[in-house]
Amino acid sequence: MTRSEFTKSTKLAAWSRCNGFCEECRMKIIGRGHYDHICPDGLYGSNELENCQVLCVKCHKLKTAEQDVPQIAKADRLREKSQGVRTKTKRKWPKRSFPSQNWNR
């Protein structure tokens, strides 16, 4: 799946909607704002204005790491499992060793 970006007109409309403030933490954005998909692009989110939010760098990194990446990874695992591509991994669990005891006293 290729990554798609917001159009220039969508970015301008989102910027005018937020008035230069992060739409997550409501702090004034200094420098460039990051345009984020509310429903991630990797989960078939659209590039419409309703799915676009302007975030500061800190909020964008946090949302990507804590929400978007895990959601996309889970969706990929489920898709692979349903298509029969992904099988259960056969882990070898370490054996517990018990201390030897002399039962013949």
# chains A, B, ... in the order shown; residues from 1 in each chain; ligands from 1
$ select_by_dssp --residues "chain A" --states "alpha helix (DSSP H)" --output "count of residues only"
32
$ select_by_dssp --residues "range 25-77 of chain A" --states "strand (DSSP E or B)" --output "PyMOL selection string"
chain A and resi 28+34-37+52-55
$ residues_around --residues "range 46-53 of chain A" --least-positions-apart "5" --cutoff "7 Å" --atoms "only C-alpha atoms" --output "PDB file with N, CA and C atoms, in the first residue's frame"
ATOM      1  N   GLU A   5      -0.866  11.469   0.610  1.00  0.00           N
ATOM      2  CA  GLU A   5      -0.766  12.729   1.342  1.00  0.00           C
ATOM      3  C   GLU A   5      -2.026  13.567   1.129  1.00  0.00           C
ATOM      4  N   PHE A   6      -2.204  14.536   1.999  1.00  0.00           N
ATOM      5  CA  PHE A   6      -3.311  15.479   1.846  1.00  0.00           C
ATOM      6  C   PHE A   6      -2.985  16.453   0.732  1.00  0.00           C
ATOM      7  N   THR A  10      -6.621  20.844   1.137  1.00  0.00           N
ATOM      8  CA  THR A  10      -7.026  20.218   2.397  1.00  0.00           C
ATOM      9  C   THR A  10      -6.163  20.719   3.544  1.00  0.00           C
ATOM     10  N   ALA A  14      -7.469  22.820   6.771  1.00  0.00           N
ATOM     11  CA  ALA A  14      -7.224  22.313   8.124  1.00  0.00           C
ATOM     12  C   ALA A  14      -6.471  23.351   8.960  1.00  0.00           C
ATOM     13  N   GLU A  23      -4.450  20.587  17.403  1.00  0.00           N
ATOM     14  CA  GLU A  23      -5.812  20.119  17.649  1.00  0.00           C
ATOM     15  C   GLU A  23      -5.873  19.038  18.718  1.00  0.00           C
ATOM     16  N   TYR A  35       0.436  17.400   9.519  1.00  0.00           N
ATOM     17  CA  TYR A  35      -0.911  17.045   9.097  1.00  0.00           C
ATOM     18  C   TYR A  35      -1.064  15.540   9.256  1.00  0.00           C
ATOM     19  N   ASP A  36      -2.001  15.147  10.104  1.00  0.00           N
ATOM     20  CA  ASP A  36      -2.143  13.751  10.506  1.00  0.00           C
ATOM     21  C   ASP A  36      -3.499  13.208  10.105  1.00  0.00           C
ATOM     22  N   HIS A  37      -3.511  11.933   9.680  1.00  0.00           N
ATOM     23  CA  HIS A  37      -4.776  11.241   9.414  1.00  0.00           C
ATOM     24  C   HIS A  37      -5.375  10.815  10.756  1.00  0.00           C
ATOM     25  N   ILE A  38      -6.599  11.193  11.035  1.00  0.00           N
ATOM     26  CA  ILE A  38      -7.276  10.765  12.263  1.00  0.00           C
ATOM     27  C   ILE A  38      -7.434   9.248  12.220  1.00  0.00           C
ATOM     28  N   CYS A  39      -8.010   8.719  11.153  1.00  0.00           N
ATOM     29  CA  CYS A  39      -8.026   7.284  10.886  1.00  0.00           C
ATOM     30  C   CYS A  39      -6.822   7.042   9.978  1.00  0.00           C
ATOM     31  N   ASP A  41      -3.846   6.272   7.433  1.00  0.00           N
ATOM     32  CA  ASP A  41      -3.830   5.956   6.015  1.00  0.00           C
ATOM     33  C   ASP A  41      -3.638   4.459   5.805  1.00  0.00           C
TER      34      ASP A  41
END
$ closest_residue --among "A:Arg17, A:Arg3, A:His60, A:Lys8" --to "His34 in chain A" --atoms "only C-alpha atoms"
A:His60
$ closest_residue --among "A:Val69, A:Lys11, A:Arg26, A:Asn19" --to "Gly42 in chain A" --atoms "only C-alpha atoms"
A:Val69
$ atom_distance --atom1 "CA of Leu43 in chain A" --atom2 "CA of Ser4 in chain A"
11.8 Å
$ residues_around --residues "Lys28 in chain A" --least-positions-apart "5" --cutoff "10 Å" --atoms "only C-alpha atoms" --output "MDAnalysis selection string"
chainID A and resid 18:23 33 55:56
$ write_last_selection --atoms "C-alpha atoms" --output "JSON list (two decimals), in the first residue's frame"
[["chain", "number", "residue", "atom", "x", "y", "z"],
["A", 18, "CYS", "CA", -7.15, 25.10, 13.80],
["A", 19, "ASN", "CA", -6.01, 28.78, 13.75],
["A", 20, "GLY", "CA", -2.38, 27.75, 14.33],
["A", 21, "PHE", "CA", -3.10, 25.65, 17.43],
["A", 22, "CYS", "CA", -2.48, 21.91, 17.85],
["A", 23, "GLU", "CA", -5.81, 20.12, 17.65],
["A", 33, "GLY", "CA", 2.44, 21.86, 11.83],
["A", 55, "LEU", "CA", -0.76, 18.51, 15.32],
["A", 56, "CYS", "CA", 2.41, 19.81, 16.90]]
$ atom_distance --atom1 "CA of Asp68 in chain A" --atom2 "CA of Pro40 in chain A"
6.2 Å
$ closest_residue --among "A:Arg96, A:Lys90, A:Ser82, A:Arg32" --to "Val57 in chain A" --atoms "only C-alpha atoms"
A:Arg32
